[in-house]
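structure-v3.txt (compact mmCIF, C-alpha atoms) appears below.
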```txt
# COMPACT_ATOMS: atom_id res chain seq x y z
CA MET A 1 13.04 -49.65 -22.27
CA GLY A 2 13.00 -46.09 -23.57
CA SER A 3 9.74 -46.77 -25.39
CA SER A 4 8.16 -48.01 -22.18
CA LYS A 5 9.14 -44.83 -20.35
CA GLN A 6 7.73 -42.66 -23.12
CA GLN A 7 4.44 -44.57 -23.05
CA GLY A 8 4.28 -44.18 -19.27
CA LYS A 9 4.85 -40.47 -19.55
CA LYS A 10 2.17 -40.18 -22.20
CA MET A 11 -0.33 -42.02 -20.02
CA ILE A 12 0.17 -39.48 -17.22
CA LYS A 13 -0.44 -36.51 -19.52
CA GLU A 14 -3.59 -37.77 -21.21
CA ARG A 15 -6.73 -36.89 -19.27
CA THR A 16 -10.39 -36.38 -20.07
CA LEU A 17 -11.82 -33.16 -18.67
CA THR A 18 -15.58 -32.74 -18.43
CA ILE A 19 -17.07 -29.26 -18.03
CA PHE A 20 -20.78 -28.95 -17.30
CA LEU A 21 -22.10 -25.45 -18.15
CA GLU A 22 -25.17 -25.00 -15.98
CA ASP A 23 -26.10 -21.71 -17.67
CA GLY A 24 -25.09 -22.84 -21.15
CA ILE A 25 -22.39 -20.15 -21.47
CA LYS A 26 -18.70 -20.02 -20.58
CA GLU A 27 -19.14 -17.05 -18.25
CA GLY A 28 -21.72 -18.82 -16.07
CA VAL A 29 -21.61 -21.66 -13.54
CA LYS A 30 -19.19 -24.48 -14.42
CA HIS A 31 -18.75 -27.90 -12.83
CA LEU A 32 -15.43 -29.56 -13.75
CA ARG A 33 -14.29 -33.16 -13.39
CA ILE A 34 -11.34 -35.16 -14.74
CA GLY A 35 -12.02 -38.71 -15.92
CA SER A 36 -12.45 -41.16 -13.04
CA TYR A 37 -10.66 -38.81 -10.63
CA THR A 38 -12.89 -38.23 -7.59
CA GLY A 39 -11.98 -34.57 -7.13
CA GLU A 40 -14.29 -31.89 -8.55
CA MET A 41 -14.32 -28.13 -8.98
CA LEU A 42 -17.21 -25.69 -9.06
CA PHE A 43 -16.62 -22.26 -10.60
CA ALA A 44 -19.29 -19.55 -10.49
CA PRO A 45 -19.91 -15.80 -10.52
CA ARG A 46 -20.53 -14.31 -7.10
CA ALA A 47 -24.01 -13.25 -8.22
CA SER A 48 -24.88 -16.94 -8.65
CA PHE A 49 -23.80 -17.99 -5.15
CA ASP A 50 -27.30 -18.17 -3.63
CA ARG A 51 -28.48 -20.29 -6.54
CA VAL A 52 -25.56 -22.74 -6.55
CA LYS A 53 -25.90 -23.26 -2.79
CA THR A 54 -29.01 -25.19 -3.73
CA SER A 55 -28.19 -26.66 -7.14
CA PHE A 56 -24.74 -27.85 -5.99
CA LYS A 57 -25.53 -28.46 -2.33
CA ASP A 58 -23.71 -31.82 -2.46
CA VAL A 59 -20.48 -30.06 -3.47
CA LEU A 60 -20.67 -27.00 -1.25
CA SER A 61 -21.55 -28.94 1.92
CA LYS A 62 -18.14 -30.64 1.85
CA ARG A 63 -14.66 -29.85 3.15
CA GLY A 64 -12.37 -28.27 0.58
CA ILE A 65 -10.33 -25.32 -0.57
CA TYR A 66 -11.66 -22.23 -2.32
CA PHE A 67 -10.46 -19.28 -4.40
CA LEU A 68 -12.07 -15.84 -4.48
CA PHE A 69 -11.20 -13.85 -7.60
CA GLY A 70 -11.55 -10.12 -8.09
CA GLU A 71 -9.87 -6.87 -9.01
CA GLY A 72 -7.98 -4.38 -6.85
CA ASP A 73 -8.17 -0.61 -6.84
CA ASP A 74 -5.12 -0.68 -9.10
CA GLY A 75 -6.96 -2.72 -11.71
CA LEU A 76 -4.78 -5.78 -11.08
CA PRO A 77 -6.29 -9.23 -10.40
CA ARG A 78 -6.59 -10.40 -6.81
CA VAL A 79 -7.17 -13.81 -5.26
CA TYR A 80 -7.98 -15.02 -1.77
CA ILE A 81 -7.18 -18.69 -1.08
CA GLY A 82 -8.70 -20.53 1.87
CA GLN A 83 -9.75 -23.88 3.28
CA THR A 84 -12.76 -24.91 5.32
CA ASP A 85 -14.75 -27.84 6.69
CA CYS A 86 -17.90 -26.54 4.97
CA LEU A 87 -17.54 -24.59 1.73
CA SER A 88 -21.04 -23.08 1.68
CA LYS A 89 -20.79 -21.66 5.22
CA ARG A 90 -17.36 -20.13 4.66
CA LEU A 91 -18.36 -18.59 1.31
CA ALA A 92 -21.53 -17.19 2.87
CA GLY A 93 -19.35 -15.43 5.46
CA HIS A 94 -17.08 -14.00 2.77
CA ASP A 95 -20.13 -12.88 0.80
CA LEU A 96 -21.09 -10.69 3.74
CA LYS A 97 -17.65 -9.41 4.72
CA LYS A 98 -15.41 -9.32 1.64
CA GLU A 99 -16.29 -6.94 -1.16
CA PHE A 100 -13.50 -7.29 -3.73
CA TRP A 101 -14.39 -10.66 -5.29
CA ASP A 102 -16.44 -11.18 -8.44
CA ASP A 103 -16.35 -14.96 -8.81
CA PHE A 104 -15.13 -18.05 -7.01
CA ALA A 105 -13.89 -21.61 -7.43
CA VAL A 106 -14.11 -24.45 -4.92
CA PHE A 107 -12.39 -27.83 -4.95
CA THR A 108 -13.36 -30.89 -2.96
CA GLU A 109 -12.59 -34.59 -2.97
CA ARG A 110 -14.20 -37.30 -0.88
CA HIS A 111 -11.00 -38.33 0.91
CA LEU A 112 -9.87 -34.83 1.91
CA GLY A 113 -9.09 -34.46 5.61
CA ARG A 114 -8.02 -31.38 7.53
CA THR A 115 -4.36 -32.23 6.99
CA GLU A 116 -4.87 -32.37 3.24
CA VAL A 117 -6.83 -29.13 2.89
CA SER A 118 -4.31 -27.28 5.07
CA TYR A 119 -1.49 -28.58 2.87
CA LEU A 120 -3.35 -27.55 -0.30
CA GLU A 121 -4.17 -24.08 1.03
CA SER A 122 -0.58 -23.41 2.01
CA ALA A 123 0.83 -24.81 -1.22
CA PHE A 124 -1.42 -22.69 -3.43
CA ILE A 125 -0.78 -19.51 -1.43
CA ARG A 126 2.96 -20.08 -1.73
CA LYS A 127 2.84 -20.98 -5.43
CA ALA A 128 0.54 -18.03 -6.27
CA ILE A 129 2.82 -15.58 -4.45
CA ASN A 130 5.83 -16.94 -6.33
CA ALA A 131 4.02 -16.77 -9.68
CA ASN A 132 3.14 -13.11 -8.99
CA SER A 133 0.28 -13.08 -11.52
CA TYR A 134 -2.35 -12.26 -8.90
CA ASN A 135 -2.10 -10.13 -5.80
CA VAL A 136 -2.67 -12.70 -3.05
CA GLU A 137 -4.99 -11.30 -0.40
CA ASN A 138 -4.02 -13.69 2.38
CA LYS A 139 -0.40 -14.50 3.22
CA ARG A 140 -1.43 -16.53 6.29
CA GLY A 141 -0.71 -20.18 5.78
CA GLU A 142 2.00 -19.48 3.22
CA ASN A 143 4.57 -21.51 5.11
CA SER A 144 2.32 -23.78 7.16
CA ALA A 145 2.32 -26.84 4.88
CA SER A 146 4.08 -29.51 6.89
CA ASN A 147 6.73 -31.74 5.39
CA ASP A 148 6.11 -34.10 8.32
CA ILE A 149 2.93 -35.53 6.83
CA PRO A 150 3.18 -39.10 5.49
CA ARG A 151 4.86 -39.41 2.11
CA GLY A 152 1.78 -41.06 0.63
CA THR A 153 -0.47 -38.21 1.81
CA ARG A 154 1.91 -35.61 0.43
CA ALA A 155 2.09 -37.42 -2.92
CA GLU A 156 -1.71 -37.50 -3.10
CA CYS A 157 -1.88 -33.78 -2.30
CA GLU A 158 0.58 -33.04 -5.09
CA ARG A 159 -1.68 -34.98 -7.43
CA HIS A 160 -4.60 -32.82 -6.30
CA ILE A 161 -2.55 -29.68 -6.93
CA GLU A 162 -1.81 -30.78 -10.50
CA ASN A 163 -5.49 -31.47 -11.20
CA ILE A 164 -6.72 -28.31 -9.48
CA GLN A 165 -4.31 -26.25 -11.56
CA LEU A 166 -5.61 -27.85 -14.75
CA MET A 167 -9.21 -27.09 -13.81
CA LEU A 168 -8.34 -23.50 -12.88
CA GLU A 169 -6.71 -23.09 -16.28
CA MET A 170 -9.87 -24.35 -17.97
CA ALA A 171 -11.86 -21.77 -15.99
CA ASP A 172 -9.49 -18.97 -17.16
CA ARG A 173 -8.10 -18.47 -13.66
CA ASP A 174 -4.52 -19.69 -13.96
CA ILE A 175 -3.13 -18.25 -10.73
CA LEU A 176 0.20 -20.07 -11.10
CA SER A 177 1.06 -18.69 -14.52
CA ASP A 178 2.87 -15.45 -15.36
CA SER A 179 0.32 -14.85 -18.10
CA VAL A 180 -3.11 -14.22 -16.58
CA VAL A 181 -6.31 -14.48 -18.58
CA ILE A 182 -9.14 -12.65 -16.83
CA SER A 183 -11.50 -13.19 -19.76
CA ASN A 184 -11.29 -13.81 -23.47
CA ARG A 185 -11.29 -10.11 -24.27
CA GLU A 186 -10.01 -10.66 -27.81
CA ASN A 187 -13.31 -12.38 -28.53
CA ASP A 188 -15.48 -9.83 -26.73
CA THR A 189 -17.55 -7.68 -29.04
CA ILE A 190 -18.49 -4.17 -27.94
CA PRO A 191 -22.09 -3.24 -28.74
CA VAL A 192 -21.95 -1.29 -31.99
CA SER A 193 -24.24 1.44 -30.72
CA MET A 194 -21.86 2.23 -27.86
CA GLY A 195 -18.45 2.46 -29.48
CA ASN A 196 -15.64 2.02 -26.99
CA GLU A 197 -16.96 4.39 -24.30
CA VAL A 198 -20.09 4.42 -22.20
CA VAL A 199 -21.53 6.84 -19.64
CA VAL A 200 -22.12 5.11 -16.31
CA PHE A 201 -23.32 6.04 -12.84
CA PHE A 202 -22.47 4.99 -9.29
CA LYS A 203 -25.23 5.55 -6.75
CA ASN A 204 -25.66 4.48 -3.13
CA ASN A 205 -26.09 6.15 0.27
CA PHE A 206 -22.44 7.23 0.29
CA GLY A 207 -21.80 8.29 -3.29
CA ASP A 208 -23.54 9.71 -6.35
CA ALA A 209 -21.17 9.88 -9.31
CA GLU A 210 -21.12 10.02 -13.09
CA GLY A 211 -18.30 8.50 -15.09
CA VAL A 212 -17.12 7.52 -18.56
CA TYR A 213 -15.76 3.99 -18.99
CA ASN A 214 -13.32 3.32 -21.84
CA TYR A 215 -13.31 -0.32 -22.91
CA ASP A 216 -9.99 -0.09 -24.77
CA SER A 217 -7.97 1.31 -21.86
CA LYS A 218 -10.21 -0.21 -19.14
CA ALA A 219 -9.96 3.19 -17.38
CA LEU A 220 -12.89 5.08 -15.88
CA LYS A 221 -13.05 8.88 -15.68
CA VAL A 222 -15.18 10.30 -12.88
CA ILE A 223 -16.82 13.56 -13.89
CA ALA A 224 -16.40 16.80 -11.93
CA GLY A 225 -19.22 17.46 -9.48
CA SER A 226 -19.64 13.79 -8.57
CA LYS A 227 -20.47 13.26 -4.92
CA VAL A 228 -18.03 11.12 -2.90
CA SER A 229 -18.48 9.50 0.49
CA PRO A 230 -17.69 11.72 3.48
CA VAL A 231 -17.03 8.51 5.47
CA VAL A 232 -14.00 6.25 4.99
CA HIS A 233 -15.07 2.62 5.36
CA PRO A 234 -12.89 0.02 7.15
CA SER A 235 -12.98 -2.23 4.06
CA TRP A 236 -10.89 0.24 2.01
CA LYS A 237 -7.38 -1.21 1.87
CA SER A 238 -5.80 0.91 -0.86
CA GLU A 239 -3.26 3.17 0.85
CA LYS A 240 -2.51 4.79 -2.50
CA TRP A 241 -6.03 6.08 -3.07
CA LYS A 242 -6.53 6.96 0.59
CA LYS A 243 -3.48 9.19 0.24
CA VAL A 244 -4.89 10.74 -2.94
CA ARG A 245 -8.18 11.39 -1.16
CA ASN A 246 -6.41 13.15 1.74
CA GLU A 247 -4.34 15.24 -0.68
CA TYR A 248 -7.47 16.22 -2.60
CA LEU A 249 -9.21 17.23 0.62
CA GLN A 250 -6.27 19.39 1.64
CA SER A 251 -5.87 21.00 -1.79
CA GLY A 252 -9.57 21.67 -2.33
CA GLU A 253 -9.89 19.23 -5.25
CA ILE A 254 -12.53 17.57 -3.11
CA ILE A 255 -15.00 20.31 -2.22
CA VAL A 256 -16.55 20.07 1.24
CA LYS A 257 -19.84 21.91 1.69
CA ASP A 258 -22.56 21.20 4.25
CA ASP A 259 -21.00 17.80 5.06
CA ARG A 260 -21.11 16.86 1.37
CA PHE A 261 -17.97 15.94 -0.56
CA SER A 262 -17.70 16.41 -4.33
CA LEU A 263 -14.99 16.45 -7.01
CA LYS A 264 -13.86 19.83 -8.30
CA ASN A 265 -12.40 18.37 -11.53
CA ASP A 266 -12.56 15.18 -13.56
CA LEU A 267 -10.48 12.33 -12.12
CA GLU A 268 -9.36 9.27 -14.10
CA PHE A 269 -8.84 5.84 -12.51
CA PRO A 270 -7.12 2.74 -13.96
CA SER A 271 -10.19 0.56 -13.43
CA PRO A 272 -13.91 0.72 -12.56
CA SER A 273 -13.20 -0.83 -9.15
CA ALA A 274 -10.60 1.80 -8.30
CA ALA A 275 -13.09 4.53 -9.23
CA ALA A 276 -15.94 2.92 -7.29
CA ALA A 277 -13.72 2.42 -4.23
CA PHE A 278 -12.70 6.09 -4.33
CA ILE A 279 -16.32 7.28 -4.53
CA TYR A 280 -17.49 4.86 -1.83
CA ALA A 281 -14.26 5.17 0.23
CA GLY A 282 -14.35 1.40 0.66
CA GLU A 283 -13.99 -1.79 -1.33
CA SER A 284 -16.44 -1.95 -4.23
CA ASN A 285 -16.92 -4.13 -7.30
CA GLY A 286 -16.77 -1.45 -9.97
CA ARG A 287 -17.79 -3.64 -12.88
CA GLU A 288 -21.06 -4.40 -11.11
CA ASN A 289 -21.70 -1.07 -9.38
CA TRP A 290 -21.11 1.33 -12.29
CA LYS A 291 -24.30 1.18 -14.36
CA THR A 292 -25.94 2.91 -17.31
CA ARG A 293 -29.19 4.83 -16.92
CA GLU A 294 -30.93 1.64 -18.05
CA GLY A 295 -29.39 -0.30 -15.16
CA LYS A 296 -26.86 -2.28 -17.20
CA SER A 297 -23.55 -2.80 -15.40
CA ILE A 298 -20.14 -2.72 -17.08
CA ASN A 299 -20.05 -6.49 -16.60
CA ASP A 300 -23.42 -6.79 -18.37
CA LEU A 301 -22.26 -4.70 -21.30
CA PHE A 302 -18.74 -5.95 -21.89
CA PHE A 303 -17.90 -9.11 -19.97
CA ASN A 304 -20.85 -11.36 -19.07
CA GLN A 305 -22.83 -11.57 -22.29
CA SER A 306 -22.72 -14.44 -24.73
CA SER A 307 -21.69 -13.67 -28.30
CA LYS A 308 -25.28 -14.31 -29.38
CA GLU A 309 -26.63 -11.62 -27.07
CA ARG A 310 -24.07 -9.08 -28.31
CA LYS A 311 -25.02 -9.39 -31.98
```
Just dump the structure as structure tokens.
Amino acid sequence: MGSSKQQGKKMIKERTLTIFLEDGIKEGVKHLRIGSYTGEMLFAPRASFDRVKTSFKDVLSKRGIYFLFGEGDDGLPRVYIGQTDCLSKRLAGHDLKKEFWDDFAVFTERHLGRTEVSYLESAFIRKAINANSYNVENKRGENSASNDIPRGTRAECERHIENIQLMLEMADRDILSDSVVISNRENDTIPVSMGNEVVVFFKNNFGDAEGVYNYDSKALKVIAGSKVSPVVHPSWKSEKWKKVRNEYLQSGEIIVKDDRFSLKNDLEFPSPSAAAAFIYAGESNGRENWKTREGKSINDLFFNQSSKERK
């Protein structure tokens, strides 16, 4: 009897996970499936969204849940969890309106109805908040999962949750763990010619700044004289750095001259995104928007390259 139970338990744990690497590298587009299970997950960098809308049209045209992953001004990981009747349309809207995210994952399954995706959205928001590994952008839906749904439907949803979690783990986005892996940084190799620091620049219509990024500490120091935005954008959600900006304006650390704002002294930030958001006065993906004179972003130099390219 005991042997039978052990065998049954073993059968549940053993699964075959297939990961298709469209770009041939771990950091690129990934399509994940588990054995004969009909659910599937697509994971991709935000920069690849326009491309995967075509190459994975059959996946993104479906109903499902999605996860947007990024980094906050404080350097901590952030996630937005949502559900939709059409994944491609909803992601296209977020691509226009939400600035914090760097990559995304979507999950769909052919039998998912609106009840199921609402349950999954609520369950993952609640579980992610409780895990406290990621700052969860949306609290809406946290308590909306209904216990009144049929027991069979709820059991199937719980099965989806288990499989989704496994696929997120394989994509290095384990939002339900207290040990988050943003990337395999132990295996990253810094270009020898650069050492552990690199001079980078942030340039757009609202800011013109020079900085020094330190790979070891992940901090970015903005150099004195850098121009910062005179306009505060609605997308900027960091009350901490808004307060710092106001204090700097009042103290003269931000110099105002002829409607131009600039830093009087060097200012260090805990992450590239925090620094970019301060310069832009709005949400900004610092790893993409801080670039060398040659146009290489921090992501290009330290996070998105294959080991072959870095040699």
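For the pair atom CA of Ser88 of chain A and atom CA of Lys53 of chain A, the interatomic distance is 6.6 Å.
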Exercise: Lys89 of chain A partners within 12 Å, all atoms listed in the file, chain neighbours under 5 positions left out, as a VMD selection string: chain A and resid 49 to 50 53 57 60 to 64 66 83 to 84 94 to 96
One number please: atom CA of Gly70 of chain A to atom CA of Glu121 of chain A, in Å, one decimal.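 Going from atom CA of Gly70 of chain A over to atom CA of Glu121 of chain A covers 18.2 Å.
When only C-alpha atoms are used to measure the gap to Glu162 of chain A, the shortest distance among A:Ile34, A:Val228, A:Ala92, A:Ala131 belongs to A:Ile34.
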Å distance separating atom CA of Phe43 of chain A from atom CA of Glu158 of chain A, one decimal place: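 Distance reported for this atom pair: 21.0 Å.
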Expected answer as a PyMOL selection string: all residues with atoms within 10 Å of (-17.1, -35.0, 3.7), only C-alpha atoms: chain A and resi 58-59+61-64+85-86+108-113
Atoms kept (C-alpha atoms) for selection, written as a PDB file, keeping the file's coordinate frame:
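That gives us out-v3.pdb:
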```pdb
ATOM      1  CA  ASP A  58     -23.710 -31.820  -2.460  1.00  0.00           C
ATOM      2  CA  VAL A  59     -20.480 -30.060  -3.470  1.00  0.00           C
ATOM      3  CA  SER A  61     -21.550 -28.940   1.920  1.00  0.00           C
ATOM      4  CA  LYS A  62     -18.140 -30.640   1.850  1.00  0.00           C
ATOM      5  CA  ARG A  63     -14.660 -29.850   3.150  1.00  0.00           C
ATOM      6  CA  GLY A  64     -12.370 -28.270   0.580  1.00  0.00           C
ATOM      7  CA  ASP A  85     -14.750 -27.840   6.690  1.00  0.00           C
ATOM      8  CA  CYS A  86     -17.900 -26.540   4.970  1.00  0.00           C
ATOM      9  CA  THR A 108     -13.360 -30.890  -2.960  1.00  0.00           C
ATOM     10  CA  GLU A 109     -12.590 -34.590  -2.970  1.00  0.00           C
ATOM     11  CA  ARG A 110     -14.200 -37.300  -0.880  1.00  0.00           C
ATOM     12  CA  HIS A 111     -11.000 -38.330   0.910  1.00  0.00           C
ATOM     13  CA  LEU A 112      -9.870 -34.830   1.910  1.00  0.00           C
ATOM     14  CA  GLY A 113      -9.090 -34.460   5.610  1.00  0.00           C
TER      15      GLY A 113
END
```
Among listed residues A:Ala171, A:Ser133, A:Lys218, A:Leu68, nearest Lys26 of chain A (using only C-alpha atoms): A:Ala171
For Gly286 of chain A: contacts at 6 Å, only C-alpha atoms, fewer than 2 positions along chain excluded, given as a PyMOL selection string: chain A and resi 272-273+276+284+288-290
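Nearest residue to Phe302 of chain A, choosing from A:Glu27, A:Lys240, A:Gly207, A:Asp258 and counting all atoms listed in the file: A:Glu27.
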Looking at A:Gly39, A:Arg173, A:His233, A:Ser48, which one is nearest to Asp23 of chain A, with distances taken over only C-alpha atoms?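 Comparing A:Gly39, A:Arg173, A:His233, A:Ser48 against Asp23 of chain A, the winner is A:Ser48.
Using only C-alpha atoms, the shortest contact distance between Thr153 of chain A and any of A:Met167, A:Ile125, A:Val199, A:Leu120 is found at A:Leu120.
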At a cut-off of 6 Å, using only C-alpha atoms, what residues contact Asp103 of chain A? Leave out same-chain residues fewer than 4 positions from it and give the result as a list in words.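 Selected residues are Ala44, Pro45, Arg46 and Phe69 of chain A.
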